[in-house]
Number of protein chains: 2
Amino acid sequence: MSIVDFLLGRPLRSSEERGEKLGALGGIPVFGLDALSSAAYGPEAALTLLIPLGALSVVYIIPISFSIIGLLLIVFFSYRQTIAAYPTGGGSYIVAGKNLGESAGLLAAAALMIDYVLTAAVGISAGVGALISAVPSLQPHTLGICLGILLVITIINLRGVRETGTVFMIPTYLFVGTLLITLGIGIFKAMISGGHPSPVTAPPVLGGVTAAAGAWLMLKAFSSGCTAMTGVEAVSNGVRAFREPVVKTAQWTLTIIIGLLVVLLAGIAILCHAYHIGATNPGAGYQSVLSQLTAAVVGKNIFYFVTIASILLVLAFSANTAFADFPRLCRLLAQDGYLPYPMAIQGRRLVYTIGITVLAIFCGILLSIFGGVTDRLIPLYAIGAFLAFTLSQAGMVMHWKRVGGKMKRSAMLINGFGATMTAITVVVVTLTKFVEGAWITVLLIPAMIVLMFSIRRHYTRVQKEIANPGPIDLTQMGAPIVVMPATSWNKIACEALQFAVSLSSEVHVLHVDSGEDEENARKQWLECVEKPMMKAGLPVPHMNVLKSPYRFVINPIVDYVLELEKKNPGRQIAVIIPELVQRHWYQYFLHNQRATWLKAALLMKGNQRIVVINAPWYLK
Amino acid sequence: MSIVDFLLGRPLRSSEERGEKLGALGGIPVFGLDALSSAAYGPEAALTLLIPLGALSVVYIIPISFSIIGLLLIVFFSYRQTIAAYPTGGGSYIVAGKNLGESAGLLAAAALMIDYVLTAAVGISAGVGALISAVPSLQPHTLGICLGILLVITIINLRGVRETGTVFMIPTYLFVGTLLITLGIGIFKAMISGGHPSPVTAPPVLGGVTAAAGAWLMLKAFSSGCTAMTGVEAVSNGVRAFREPVVKTAQWTLTIIIGLLVVLLAGIAILCHAYHIGATNPGAGYQSVLSQLTAAVVGKNIFYFVTIASILLVLAFSANTAFADFPRLCRLLAQDGYLPYPMAIQGRRLVYTIGITVLAIFCGILLSIFGGVTDRLIPLYAIGAFLAFTLSQAGMVMHWKRVGGKMKRSAMLINGFGATMTAITVVVVTLTKFVEGAWITVLLIPAMIVLMFSIRRHYTRVQKEIANPGPIDLTQMGAPIVVMPATSWNKIACEALQFAVSLSSEVHVLHVDSGEDEENARKQWLECVEKPMMKAGLPVPHMNVLKSPYRFVINPIVDYVLELEKKNPGRQIAVIIPELVQRHWYQYFLHNQRATWLKAALLMKGNQRIVVINAPWYLK
């Protein structure tokens, strides 16, 4: 078993593809991890902005959370309909592209690609950040741990979809399960105590009021809380990965994910209000909202630590949603010619190897630049996701307008409202985070669109040039002129020359003058080649000695070939390169690599009438 | 002007070689730096071992130094005769190999190569160590500075011999000049004061006696002091680099170098005695012998600092002697087939580029492993040099015995005595330093000899296999079977097929089934190929569809070719690979590299009857 087989698993036959499809239960960890794990930071992000309101923050979190839930439900219905309308995979790229035009599609695609890279980076760094708050001694190794987790996730994904589901299933369901139990107990306690439960472990007392509650603050808190919504588009983008009946399974998966997320968001908001839990400032004394909440409901017992551990795991693994979806998006773009087409090729394990690798590389670069610190990554984040939401929903408006039907009006209204709200979010997020890093995203998106357009233009040009060949041209059936360089006269050269004279009656042998043993070479040439060929009545190959004052060997040969080609328009030039093949890598150092360099130089400087023939010689 | 031209200088014509030859004055910095700079550590190394003798150390240093000078003069006469006997370059490798046999030559060569790498590493690290004693704040950057200096020396050497001489001339002559002036003033002061001069700046008082002076201690001090002799063989090894008359110029250079070294060593010993200067222990309060001596004679004025600065420079640059000689030794070995023969090729600047690069790499590795600390490198050092001295002089004994002449007896006696003394030194150095690191050298030398023998065996085998081809075989003039893989039917494939049918009447077209567009491909094939060829009365190429359940493309093609080759013994198989040539590097990512991989796979798994033809297609 090779190391590759061990790491990535045995190659899978194309016909095994069906076996790799996902059901709803398996689909939730793969496509829902990102969305569900955002319950761990979305409400906290909103509460953090409300800190200046002191004790009032737990009052305002209720309407803000339910606005987010409302927006989430709108987006849910939109994507539910998208799955049905585009059963072969309808991410924002497809929907925006089909309904709003090519540029809108590419805008959505660029936004999503950036967002996926950020999802992976933020997920890993947030998980590691949480781990480090628990075990501060790991602090100096932040980046190393981030990259280690990235590597593990990459290898798991290269192994293929089904195994990914298995690995991520346990932490996902542990996370959902423990949180649901906590919320259930908490709400039960709140109800029997008339809405004023006493906490098992008391949360920190909320600070004083330092600012007035204004509309701008509410909007900012709302848009920060909206980070809870990233990852919702994953299912609709990956419909093809689901088991038959594809649409039903995918819709069912999406419904469960959104349902769980709604319950989590609502429960967290209600319990924050009931237990008076607000966000704490980062730094000394910091405690995450979910940590405070769990401790308040059940106390700091073993259940508390299991909950916290599952949060850590799920945050780190939420990066996996990006790994499930980024390669699929790249494949769509590659099939349309906007990305290099090898990205559309399924690898040995039926996954899109190159897309996974590219995501891993960019994510690794991002983590390295920002040192694995979540706070520095966050300002770049969410713009992409909400831009894609907006374009997708705007696209669905046009879709309904085109398709029509009796539901047309209400469907257009829902999507239009959703698009408007997400568009406002995009504007707010961009404005409030511009200086801290959003400008990077704002610059990257058009740059990627330009890149994708130019890739497409390249393919179109190539396609136009090589497509539709006419009938084969049988007028140029003449033998080529054969050129053969030979540094010395030995069996390798002799065998190559044998092949040369069998191809053509016009053979040019090139000898680059090294100033050594000229006499002997001439004599051998006469005995071994000239005499036997003249005897057989065959035309004797030309022997040309090339001078090389600078001791270059490649250049004089290439120049000779190009000159010959110019002098003989309409004829093929075949350059035979005799080559000693090394059977072992260490023999590489024992022989010069002139054959390799010569082939590369001829390919670089040559043209279509110059063909390179490699005549190998193998040692016994 | 390209970056390579800027860094390394324009390429030099082979006919410009004469201009790069050295005179005596230019040859001293190139070949003498190592030997001369060792005056800065040789006497100190001996005095360090005499520290337990306290004030008596300055008494014993006189006979020890003069023994070393005696040995140095013996070695000088030996190498002076070697230069005359071997005017094309007679290092220990040549002399030992010619007179004592192949194994002795290789033993000397292995010892010398290790010694050169160590010379470079020790020189640089000693220089940087001295710099860091002067500027302690640079301490954390020790390794970085070492590697930086290594890089500069490497580039200077890649530019060529003459420019090397120019760069190193100033510090060398500054070093020799300031030291000679110091010694002259000191000896004058000692003479007018009746042998008891009063120091300008008093050296530290010598410690008490803690050990008795025994023969073993004297031998150890002697052999430590012998590090002053490393580098003496450089001139004889590099005779070819000198100007005509080669022998006279080289001998003259060697005489000046040894003369200067003798004066320096004698002067230092005498003044240490007169001024009561001994070595100090490393660590706090450490002061080098030359620093104490200069301060005692002239005081700590500007002249003192110029002297110390030139010592630092010369120590660091002494590495250059290794760079001048290591590549020349490698070239000799490569010409004899004991090292990869590309090491014998002169690069663009007429220097042995690969030898220089290899030395730089090994030296960099050594510096990195030992953190640029001289003390850790020293125990590995000197064994090689003295082993080479011994073998060279033993070889010269045999040389005189063979050549004869009236000087035979005295010449043999001098060389025999020298060989015996250096042999004793080898044994003493190995025994006293074995545990601290000499074992590495002791293990490396036989390993290198084994490696060189096996390289030679490889070349001999290849040579035997490919040499003396018989007359060209004109019986197999039949056309080859042509195989052409084509993933889709386009102009690239069409043009390649045109060439294929012009080569042979038996053409196999291979199509790896990707499960797409089978119908259309078949139709195009019929219209574009089959019909026109049948019309012209030509044999239609076979079209073979290969199944590939694992989506591999390369393997099925290679298997088909190998199968075909087996079925058709005695016929050539020519595999035509159509290839889209990318004109720009960034286009590399836009197309798959199957052509490249297929070529590599065919070369790896193929045999002599399988020839690969590259049919390039260039975009307009």
# chains A, B, ... in the order shown; residues from 1 in each chain; ligands from 1
>>> interface_residues(of="chain A", to="chain B", cutoff="7 Å", atoms="only C-alpha atoms", output="VMD selection string")
chain A and resid 11 to 14 340 to 342 348 466 to 473 477 to 479 490 to 492 494 498 502 to 503 527 to 529 532 549 to 551 589 to 592 607 to 608 611 to 618
>>> write_last_selection(atoms="C-alpha atoms", output="CSV table (one decimal), in the first residue's frame")
chain,number,residue,atom,x,y,z
A,11,PRO,CA,-8.8,5.1,-6.1
A,12,LEU,CA,-12.6,4.9,-6.7
A,13,ARG,CA,-14.1,3.8,-10.0
A,14,SER,CA,-16.3,6.3,-11.8
A,340,PRO,CA,-8.8,26.5,-15.4
A,341,TYR,CA,-10.6,23.4,-16.6
A,342,PRO,CA,-8.5,20.9,-14.6
A,348,ARG,CA,-8.9,9.4,-7.6
A,466,ILE,CA,-8.3,24.4,-32.8
A,467,ALA,CA,-11.9,23.5,-33.4
A,468,ASN,CA,-13.4,22.0,-36.6
A,469,PRO,CA,-10.4,20.7,-38.4
A,470,GLY,CA,-11.0,20.2,-42.1
A,471,PRO,CA,-10.4,16.8,-43.7
A,472,ILE,CA,-6.9,15.5,-43.3
A,473,ASP,CA,-4.3,17.1,-45.7
A,477,MET,CA,3.1,13.2,-47.3
A,478,GLY,CA,6.8,13.8,-48.0
A,479,ALA,CA,9.4,12.6,-45.5
A,490,ASN,CA,28.6,5.8,-29.5
A,491,LYS,CA,25.8,3.2,-29.5
A,492,ILE,CA,23.2,5.7,-28.3
A,494,CYS,CA,24.2,5.0,-33.6
A,498,GLN,CA,19.4,4.2,-37.5
A,502,SER,CA,14.7,5.0,-41.7
A,503,LEU,CA,12.5,8.1,-41.4
A,527,GLU,CA,33.8,3.6,-40.8
A,528,CYS,CA,30.4,3.2,-39.1
A,529,VAL,CA,28.2,5.4,-41.2
A,532,PRO,CA,28.1,1.2,-45.1
A,549,PRO,CA,32.9,29.9,-28.4
A,550,TYR,CA,30.9,30.3,-25.2
A,551,ARG,CA,30.7,26.5,-24.6
A,589,PHE,CA,23.3,13.7,-11.0
A,590,LEU,CA,25.7,11.6,-12.9
A,591,HIS,CA,24.7,12.7,-16.4
A,592,ASN,CA,24.0,16.1,-17.8
A,607,ASN,CA,6.9,26.2,-34.3
A,608,GLN,CA,4.5,23.6,-35.7
A,611,VAL,CA,8.7,18.0,-34.3
A,612,VAL,CA,10.9,16.6,-31.5
A,613,ILE,CA,11.6,12.9,-31.4
A,614,ASN,CA,13.0,11.3,-28.3
A,615,ALA,CA,15.1,8.3,-28.9
A,616,PRO,CA,15.8,6.7,-25.5
A,617,TRP,CA,18.6,4.4,-24.6
A,618,TYR,CA,18.2,2.2,-21.6
>>> select_by_dssp(residues="region 47-259 of chain A", states="alpha helix (DSSP H)", output="NGL selection string")
:A and (47-50 or 57-85 or 92-100 or 102-134 or 142-159 or 161-192 or 215-225 or 234-237 or 246-259)
>>> write_last_selection(atoms="C-alpha atoms", output="short mmCIF file (atom, residue, chain, number, x, y, z; two decimals), in the first residue's frame")
data_model
loop_
_atom_site.label_atom_id
_atom_site.label_comp_id
_atom_site.auth_asym_id
_atom_site.auth_seq_id
_atom_site.Cartn_x
_atom_site.Cartn_y
_atom_site.Cartn_z
CA LEU A 47 -24.40 41.58 21.99
CA THR A 48 -20.82 42.88 21.77
CA LEU A 49 -22.12 45.95 19.90
CA LEU A 50 -24.80 46.40 22.56
CA SER A 57 -28.64 45.07 25.94
CA VAL A 58 -30.52 41.94 27.00
CA VAL A 59 -33.75 43.76 26.22
CA TYR A 60 -32.74 44.81 22.71
CA ILE A 61 -31.21 41.43 21.82
CA ILE A 62 -34.72 39.95 21.59
CA PRO A 63 -36.00 42.10 18.68
CA ILE A 64 -32.62 42.01 16.96
CA SER A 65 -32.41 38.22 17.18
CA PHE A 66 -35.94 37.80 15.93
CA SER A 67 -35.26 40.18 13.03
CA ILE A 68 -32.29 38.00 12.12
CA ILE A 69 -34.47 34.89 12.47
CA GLY A 70 -37.03 36.57 10.23
CA LEU A 71 -34.40 37.36 7.62
CA LEU A 72 -33.08 33.82 7.97
CA LEU A 73 -36.54 32.40 7.29
CA ILE A 74 -36.91 34.62 4.23
CA VAL A 75 -33.57 33.43 2.92
CA PHE A 76 -34.59 29.85 3.80
CA PHE A 77 -37.74 30.01 1.69
CA SER A 78 -35.77 31.60 -1.10
CA TYR A 79 -33.16 28.86 -1.14
CA ARG A 80 -35.79 26.14 -0.72
CA GLN A 81 -37.34 27.35 -3.91
CA THR A 82 -33.88 27.65 -5.52
CA ILE A 83 -33.19 23.96 -4.81
CA ALA A 84 -36.40 22.98 -6.56
CA ALA A 85 -35.78 25.36 -9.46
CA SER A 92 -25.86 32.10 -6.18
CA TYR A 93 -23.55 31.83 -9.20
CA ILE A 94 -26.07 29.82 -11.21
CA VAL A 95 -29.15 31.74 -10.11
CA ALA A 96 -27.62 35.18 -10.55
CA GLY A 97 -25.92 34.20 -13.79
CA LYS A 98 -29.03 32.69 -15.39
CA ASN A 99 -31.39 35.45 -14.33
CA LEU A 100 -29.30 38.61 -14.09
CA GLU A 102 -23.02 36.71 -16.86
CA SER A 103 -21.46 39.61 -14.90
CA ALA A 104 -23.86 39.25 -11.99
CA GLY A 105 -23.08 35.53 -11.89
CA LEU A 106 -19.37 36.14 -11.81
CA LEU A 107 -19.83 38.83 -9.15
CA ALA A 108 -21.68 36.31 -7.01
CA ALA A 109 -19.06 33.64 -7.75
CA ALA A 110 -16.15 35.92 -6.84
CA ALA A 111 -17.92 37.01 -3.65
CA LEU A 112 -18.62 33.40 -2.69
CA MET A 113 -15.13 32.16 -3.41
CA ILE A 114 -13.64 34.84 -1.17
CA ASP A 115 -16.26 34.05 1.42
CA TYR A 116 -15.44 30.34 1.37
CA VAL A 117 -11.75 30.97 1.90
CA LEU A 118 -12.67 33.26 4.78
CA THR A 119 -15.15 30.76 6.20
CA ALA A 120 -12.43 28.17 6.36
CA ALA A 121 -9.90 30.57 7.85
CA VAL A 122 -12.30 32.15 10.36
CA GLY A 123 -13.72 28.78 11.39
CA ILE A 124 -10.30 27.31 12.09
CA SER A 125 -8.94 30.43 13.79
CA ALA A 126 -12.08 30.88 15.94
CA GLY A 127 -11.90 27.24 17.05
CA VAL A 128 -8.21 27.51 17.84
CA GLY A 129 -8.86 30.87 19.55
CA ALA A 130 -11.44 29.21 21.82
CA LEU A 131 -9.06 26.32 22.51
CA ILE A 132 -6.36 28.80 23.44
CA SER A 133 -8.66 30.70 25.83
CA ALA A 134 -9.15 27.34 27.57
CA THR A 142 -1.56 29.49 17.46
CA LEU A 143 -0.55 29.55 13.80
CA GLY A 144 0.97 26.07 13.92
CA ILE A 145 -2.22 24.57 15.38
CA CYS A 146 -4.33 26.43 12.79
CA LEU A 147 -2.23 25.06 9.92
CA GLY A 148 -2.24 21.57 11.45
CA ILE A 149 -6.04 21.55 11.60
CA LEU A 150 -6.15 22.90 8.05
CA LEU A 151 -3.97 19.99 6.92
CA VAL A 152 -6.17 17.42 8.65
CA ILE A 153 -9.34 18.91 7.13
CA THR A 154 -7.70 18.99 3.69
CA ILE A 155 -6.69 15.32 3.84
CA ILE A 156 -10.13 14.29 5.10
CA ASN A 157 -11.72 16.11 2.18
CA LEU A 158 -9.33 14.64 -0.35
CA ARG A 159 -10.49 11.21 0.85
CA VAL A 161 -17.45 13.17 0.65
CA ARG A 162 -18.88 10.17 2.48
CA GLU A 163 -16.02 9.81 4.91
CA THR A 164 -16.16 13.54 5.58
CA GLY A 165 -19.73 13.15 6.74
CA THR A 166 -18.79 10.36 9.14
CA VAL A 167 -15.92 12.26 10.74
CA PHE A 168 -17.91 15.45 11.31
CA MET A 169 -21.16 13.81 12.35
CA ILE A 170 -20.23 13.21 16.00
CA PRO A 171 -19.10 16.72 16.97
CA THR A 172 -21.97 18.31 15.03
CA TYR A 173 -24.67 16.27 16.76
CA LEU A 174 -22.88 16.63 20.10
CA PHE A 175 -22.89 20.42 19.64
CA VAL A 176 -26.56 20.57 18.62
CA GLY A 177 -27.57 18.05 21.29
CA THR A 178 -25.85 19.67 24.26
CA LEU A 179 -27.03 23.15 23.26
CA LEU A 180 -30.62 21.98 22.79
CA ILE A 181 -30.57 20.28 26.20
CA THR A 182 -29.14 23.42 27.82
CA LEU A 183 -31.74 25.61 26.16
CA GLY A 184 -34.53 23.18 27.07
CA ILE A 185 -33.55 23.04 30.76
CA GLY A 186 -33.07 26.82 30.82
CA ILE A 187 -36.47 27.58 29.31
CA PHE A 188 -38.15 25.06 31.60
CA LYS A 189 -36.49 26.72 34.62
CA ALA A 190 -37.47 30.17 33.35
CA MET A 191 -41.08 29.09 32.92
CA ILE A 192 -41.51 27.50 36.38
CA ALA A 215 -31.28 53.23 15.04
CA TRP A 216 -27.68 53.21 13.74
CA LEU A 217 -26.49 51.15 16.72
CA MET A 218 -29.38 48.73 16.21
CA LEU A 219 -28.53 48.38 12.50
CA LYS A 220 -24.90 47.72 13.31
CA ALA A 221 -25.83 45.12 15.92
CA PHE A 222 -28.24 43.56 13.46
CA SER A 223 -25.65 43.33 10.71
CA SER A 224 -23.02 41.94 13.08
CA GLY A 225 -25.50 39.34 14.27
CA ALA A 234 -24.17 25.70 1.06
CA VAL A 235 -26.97 23.16 0.56
CA SER A 236 -28.43 24.75 -2.57
CA ASN A 237 -24.98 24.92 -4.11
CA VAL A 246 -32.17 14.79 -4.89
CA VAL A 247 -34.48 17.80 -4.46
CA LYS A 248 -36.47 16.37 -1.56
CA THR A 249 -33.35 15.21 0.30
CA ALA A 250 -31.64 18.57 -0.15
CA GLN A 251 -34.72 20.54 0.89
CA TRP A 252 -35.19 18.32 3.89
CA THR A 253 -31.54 18.84 4.90
CA LEU A 254 -31.88 22.62 4.51
CA THR A 255 -35.09 22.65 6.54
CA ILE A 256 -33.47 20.75 9.41
CA ILE A 257 -30.40 22.99 9.39
CA ILE A 258 -32.43 26.23 9.37
CA GLY A 259 -34.88 24.83 11.90
#
>>> atom_distance(atom1="CA of Val553 (chain A)", atom2="CA of Val512 (chain A)")
6.4 Å
>>> residues_around(residues="Val358 (chain A)", least_positions_apart="3", cutoff="10 Å", atoms="only C-alpha atoms", output="number ranges by chain")
A: 117, 326-327, 330, 343, 353-355, 361-364
>>> write_last_selection(atoms="N, CA and C atoms", output="CSV table (one decimal), in the first residue's frame")
chain,number,residue,atom,x,y,z
A,117,VAL,N,-13.1,31.0,1.4
A,117,VAL,CA,-11.8,31.0,1.9
A,117,VAL,C,-11.8,31.6,3.3
A,326,PHE,N,-16.6,25.0,-1.9
A,326,PHE,CA,-15.7,25.8,-2.8
A,326,PHE,C,-15.3,25.0,-4.0
A,327,PRO,N,-14.9,23.7,-3.9
A,327,PRO,CA,-14.5,22.9,-5.1
A,327,PRO,C,-15.7,22.7,-6.0
A,330,CYS,N,-16.0,25.9,-7.9
A,330,CYS,CA,-14.9,26.0,-8.9
A,330,CYS,C,-15.2,25.1,-10.1
A,343,MET,N,-9.8,22.1,-12.9
A,343,MET,CA,-10.6,22.2,-11.7
A,343,MET,C,-11.9,21.4,-11.8
A,353,THR,N,-10.1,17.4,-6.6
A,353,THR,CA,-8.8,17.5,-5.9
A,353,THR,C,-8.2,18.9,-6.0
A,354,ILE,N,-8.2,19.5,-7.2
A,354,ILE,CA,-7.5,20.8,-7.4
A,354,ILE,C,-8.2,21.9,-6.6
A,355,GLY,N,-9.6,21.9,-6.7
A,355,GLY,CA,-10.3,22.9,-5.9
A,355,GLY,C,-10.0,22.8,-4.4
A,361,ILE,N,-4.5,26.0,0.1
A,361,ILE,CA,-3.4,26.9,-0.1
A,361,ILE,C,-3.8,28.4,0.3
A,362,PHE,N,-4.9,28.9,-0.3
A,362,PHE,CA,-5.3,30.2,0.0
A,362,PHE,C,-5.6,30.4,1.5
A,363,CYS,N,-6.3,29.4,2.1
A,363,CYS,CA,-6.6,29.5,3.5
A,363,CYS,C,-5.4,29.5,4.3
A,364,GLY,N,-4.4,28.7,3.9
A,364,GLY,CA,-3.1,28.7,4.7
A,364,GLY,C,-2.4,30.0,4.6
>>> residues_around(residues="Gly207 (chain B)", least_positions_apart="5", cutoff="10 Å", atoms="only C-alpha atoms", output="VMD selection string")
chain B and resid 51 to 57 278 280
>>> write_last_selection(atoms="N, CA and C atoms", output="tab-separated table (two decimals), in the first residue's frame")
chain	number	residue	atom	x	y	z
B	51	ILE	N	48.36	26.64	28.52
B	51	ILE	CA	47.88	27.46	29.65
B	51	ILE	C	48.21	26.85	31.01
B	52	PRO	N	48.06	25.50	31.19
B	52	PRO	CA	48.36	24.91	32.51
B	52	PRO	C	49.81	25.13	32.96
B	53	LEU	N	50.69	25.46	32.00
B	53	LEU	CA	52.09	25.65	32.38
B	53	LEU	C	52.36	27.07	32.90
B	54	GLY	N	51.33	27.95	32.85
B	54	GLY	CA	51.49	29.30	33.38
B	54	GLY	C	52.57	30.07	32.63
B	55	ALA	N	53.45	30.74	33.38
B	55	ALA	CA	54.48	31.61	32.78
B	55	ALA	C	55.45	30.81	31.93
B	56	LEU	N	55.53	29.49	32.19
B	56	LEU	CA	56.44	28.66	31.41
B	56	LEU	C	55.98	28.50	29.96
B	57	SER	N	54.71	28.76	29.73
B	57	SER	CA	54.17	28.55	28.38
B	57	SER	C	54.94	29.37	27.35
B	278	GLY	N	50.59	35.01	26.84
B	278	GLY	CA	50.07	33.65	26.70
B	278	GLY	C	48.63	33.69	26.23
B	280	THR	N	44.55	33.17	26.67
B	280	THR	CA	43.59	33.31	27.76
B	280	THR	C	42.45	32.33	27.52
>>> closest_residue(among="B:Gly418, B:Pro199, B:Pro485, B:Pro29", to="Thr390 (chain B)", atoms="only C-alpha atoms")
B:Gly418
